[in-house]
Amino acid sequence: MEAGDLRVGTFVRLEGRIYEVVNFEKQKIAQRQPHVKVKLKDIVSGKVIDRTFVSSDKIEAPDISIRPAKFVYKDANQYVFLDSETYEEYRFDEKILEDKIQWFTEGVDFDVILGDEIALTVRIPKVMEFEVIETPPGVRGDTESGGIKPATLSNGMTINVPLHIKKGDKIKVNTETNEYVGRA
């Protein structure tokens with residue numbers, strides 16, 4: 001593929017590693033070839049790098065497939081996912097998924113990214129639902145704190161929620177920003 005064909009969400013192989021394009025910007029400089037500035041995220045390590053290409057540069061497109069899979073359990077230091085269609089089992093070492101572990105809830109669907117038929121990583125949904133297991137009662141008229149209070153979720157995380165949220169409520173959380181989105 002050519003660099004000018006890159007878009008957000010496209011996968012590429014550079015220096016033997018597979019990256020996902022997370023940001024894309026075309027630049028046209030007077031009397032020069034168009035350039036493409038991209039932010040690339042290593043899908044295994046999560047490290048983000050910046051690269052600039054000439055639009056006509058050739059870039060290798062890896063053989064990527066995305067499979068729906070449910071998180072089923074943790075086995076010692078491995079996380080086990082089951083393909084929702086083929087029932088194939090994918091195992092990931094804790095080190096590969098360390099920044100995503102807080103989101104794994106049994107029975108929840110995730111996307112497993114396969115590169116060259118090898119399970120590389122897991123993609124977390126942008127919004128997930130959790131139950132509030134602990135939060136102080138909201139006090140009417142208490143706006144000193146900006147109308148928010150801390151709440152502990154069923155996955156163990158603590159986030160800020162509006163005063164009207166109470167224990168037992170199901171809420172939606174943005175997994176990229178760790179922020180309250182709304183009621184489920």
# chains A, B, ... in the order shown; residues from 1 in each chain; ligands from 1

$ residues_around --residues "Ser56 of chain A" --least-positions-apart "4" --cutoff "7 Å" --atoms "only C-alpha atoms" --output "list in words"
Glu2, Ala3 and Gly4 of chain A

$ write_last_selection --atoms "N, CA and C atoms" --output "JSON list (two decimals), in the first residue's frame"
[["chain", "number", "residue", "atom", "x", "y", "z"],
["A", 2, "GLU", "N", 0.34, 2.35, -0.47],
["A", 2, "GLU", "CA", 1.07, 3.60, -0.45],
["A", 2, "GLU", "C", 0.73, 4.38, 0.81],
["A", 3, "ALA", "N", 1.67, 5.20, 1.26],
["A", 3, "ALA", "CA", 1.47, 5.99, 2.48],
["A", 3, "ALA", "C", 0.26, 6.91, 2.36],
["A", 4, "GLY", "N", -0.03, 7.39, 1.16],
["A", 4, "GLY", "CA", -1.19, 8.26, 0.95],
["A", 4, "GLY", "C", -2.51, 7.55, 1.17]]

$ residues_around --residues "Leu120 of chain A" --least-positions-apart "6" --cutoff "9 Å" --atoms "only C-alpha atoms" --output "list in words"
Ile43, Val44, Phe92, Ile96, Val112, Ile113 and Leu114 of chain A

$ closest_residue --among "A:Asn77, A:Val161, A:Leu153, A:Lys41" --to "Gly138 of chain A" --atoms "only C-alpha atoms"
A:Val161

$ closest_atom_pairs --of "segment 6-45 of chain A" --to "segment 60-69 of chain A" --cutoff "12 Å" --atoms "only C-alpha atoms" --output "tab-separated table"
residue	atom	partner	partner_atom	distance
A:Leu6	CA	A:Ala61	CA	10.0
A:Gly9	CA	A:Ile64	CA	11.6
A:Thr10	CA	A:Ala61	CA	8.6
A:Phe11	CA	A:Ala61	CA	6.5
A:Val12	CA	A:Ala61	CA	4.8
A:Arg13	CA	A:Glu60	CA	5.4
A:Leu14	CA	A:Glu60	CA	7.2
A:Glu15	CA	A:Glu60	CA	9.9
A:Gly16	CA	A:Glu60	CA	9.9
A:Arg17	CA	A:Pro62	CA	9.4
A:Ile18	CA	A:Pro62	CA	7.2
A:Tyr19	CA	A:Pro62	CA	9.3
A:Glu20	CA	A:Ala61	CA	10.5
A:Val21	CA	A:Ala61	CA	11.7
A:Ile43	CA	A:Ile64	CA	11.3

$ residues_around --residues "Phe104 of chain A" --least-positions-apart "5" --cutoff "9 Å" --atoms "only C-alpha atoms" --output "PyMOL selection string"
chain A and resi 71+79+110+124+155

$ write_last_selection --atoms "N, CA and C atoms" --output "short mmCIF file (atom, residue, chain, number, x, y, z; two decimals), in the first residue's frame"
data_model
loop_
_atom_site.label_atom_id
_atom_site.label_comp_id
_atom_site.auth_asym_id
_atom_site.auth_seq_id
_atom_site.Cartn_x
_atom_site.Cartn_y
_atom_site.Cartn_z
N PHE A 71 -13.78 -12.84 27.24
CA PHE A 71 -12.82 -13.12 28.29
C PHE A 71 -13.45 -14.17 29.18
N TYR A 79 -4.17 -14.58 30.59
CA TYR A 79 -5.58 -14.25 30.42
C TYR A 79 -6.10 -15.04 29.22
N PHE A 110 -14.65 -8.89 23.61
CA PHE A 110 -13.52 -8.05 23.22
C PHE A 110 -13.14 -8.45 21.80
N ILE A 124 -9.84 -3.20 23.50
CA ILE A 124 -10.87 -2.92 24.50
C ILE A 124 -11.97 -2.07 23.84
N ASN A 155 -15.25 -3.53 38.65
CA ASN A 155 -13.91 -3.98 38.24
C ASN A 155 -12.82 -3.47 39.19
#

$ closest_residue --among "A:Pro150, A:Ile118, A:Ser45, A:Val72" --to "Lys95 of chain A" --atoms "only C-alpha atoms"
A:Ser45

$ closest_residue --among "A:Glu176, A:Asp5, A:Glu117, A:Glu106" --to "Ser154 of chain A" --atoms "only C-alpha atoms"
A:Glu106

$ atom_distance --atom1 "atom CA of Glu94 of chain A" --atom2 "atom CA of Gly156 of chain A"
17.7 Å

$ residues_around --residues "Met157 of chain A" --least-positions-apart "3" --cutoff "12 Å" --atoms "only C-alpha atoms" --output "list in words"
Ile101, Gln102, Trp103, Phe104, Phe130, Glu131, Val132, Ile133, Glu134, Thr135, Pro150, Ala151, Thr152, Leu153, Ser154, Asn160, Val173, Thr175, Asn178, Glu179 and Tyr180 of chain A

$ write_last_selection --atoms "C-alpha atoms" --output "PDB file, in the first residue's frame"
ATOM      1  CA  ILE A 101      -6.182  -5.774  32.697  1.00  0.00           C
ATOM      2  CA  GLN A 102      -8.545  -3.544  34.708  1.00  0.00           C
ATOM      3  CA  TRP A 103     -11.159  -3.807  31.915  1.00  0.00           C
ATOM      4  CA  PHE A 104     -11.360  -7.611  31.765  1.00  0.00           C
ATOM      5  CA  PHE A 130     -20.054  -1.546  35.098  1.00  0.00           C
ATOM      6  CA  GLU A 131     -22.039  -1.684  38.321  1.00  0.00           C
ATOM      7  CA  VAL A 132     -21.355   0.865  41.047  1.00  0.00           C
ATOM      8  CA  ILE A 133     -20.491  -1.156  44.163  1.00  0.00           C
ATOM      9  CA  GLU A 134     -19.669   1.720  46.488  1.00  0.00           C
ATOM     10  CA  THR A 135     -20.271   5.475  46.505  1.00  0.00           C
ATOM     11  CA  PRO A 150     -16.069   9.129  43.698  1.00  0.00           C
ATOM     12  CA  ALA A 151     -17.555   5.720  42.928  1.00  0.00           C
ATOM     13  CA  THR A 152     -15.952   2.269  43.062  1.00  0.00           C
ATOM     14  CA  LEU A 153     -16.955   0.037  40.157  1.00  0.00           C
ATOM     15  CA  SER A 154     -17.348  -3.739  39.918  1.00  0.00           C
ATOM     16  CA  ASN A 160     -15.887  10.377  39.421  1.00  0.00           C
ATOM     17  CA  VAL A 173     -17.430   4.296  31.271  1.00  0.00           C
ATOM     18  CA  THR A 175     -12.205   3.167  28.574  1.00  0.00           C
ATOM     19  CA  ASN A 178     -11.654   6.478  32.452  1.00  0.00           C
ATOM     20  CA  GLU A 179     -14.605   8.886  32.652  1.00  0.00           C
ATOM     21  CA  TYR A 180     -18.319   8.483  33.324  1.00  0.00           C
TER      22      TYR A 180
END

$ residues_around --residues "Asp50 of chain A" --least-positions-apart "6" --cutoff "7 Å" --atoms "only C-alpha atoms" --output "JSON, numbers by chain"
{"A": [38, 39, 40]}

$ write_last_selection --atoms "C-alpha atoms" --output "mmCIF file, in the first residue's frame"
data_model
loop_
_atom_site.group_PDB
_atom_site.id
_atom_site.type_symbol
_atom_site.label_atom_id
_atom_site.label_comp_id
_atom_site.auth_asym_id
_atom_site.auth_seq_id
_atom_site.Cartn_x
_atom_site.Cartn_y
_atom_site.Cartn_z
ATOM 1 C CA VAL A 38 1.031 9.598 11.206
ATOM 2 C CA LYS A 39 1.032 8.462 14.814
ATOM 3 C CA LEU A 40 1.496 4.713 14.972
#
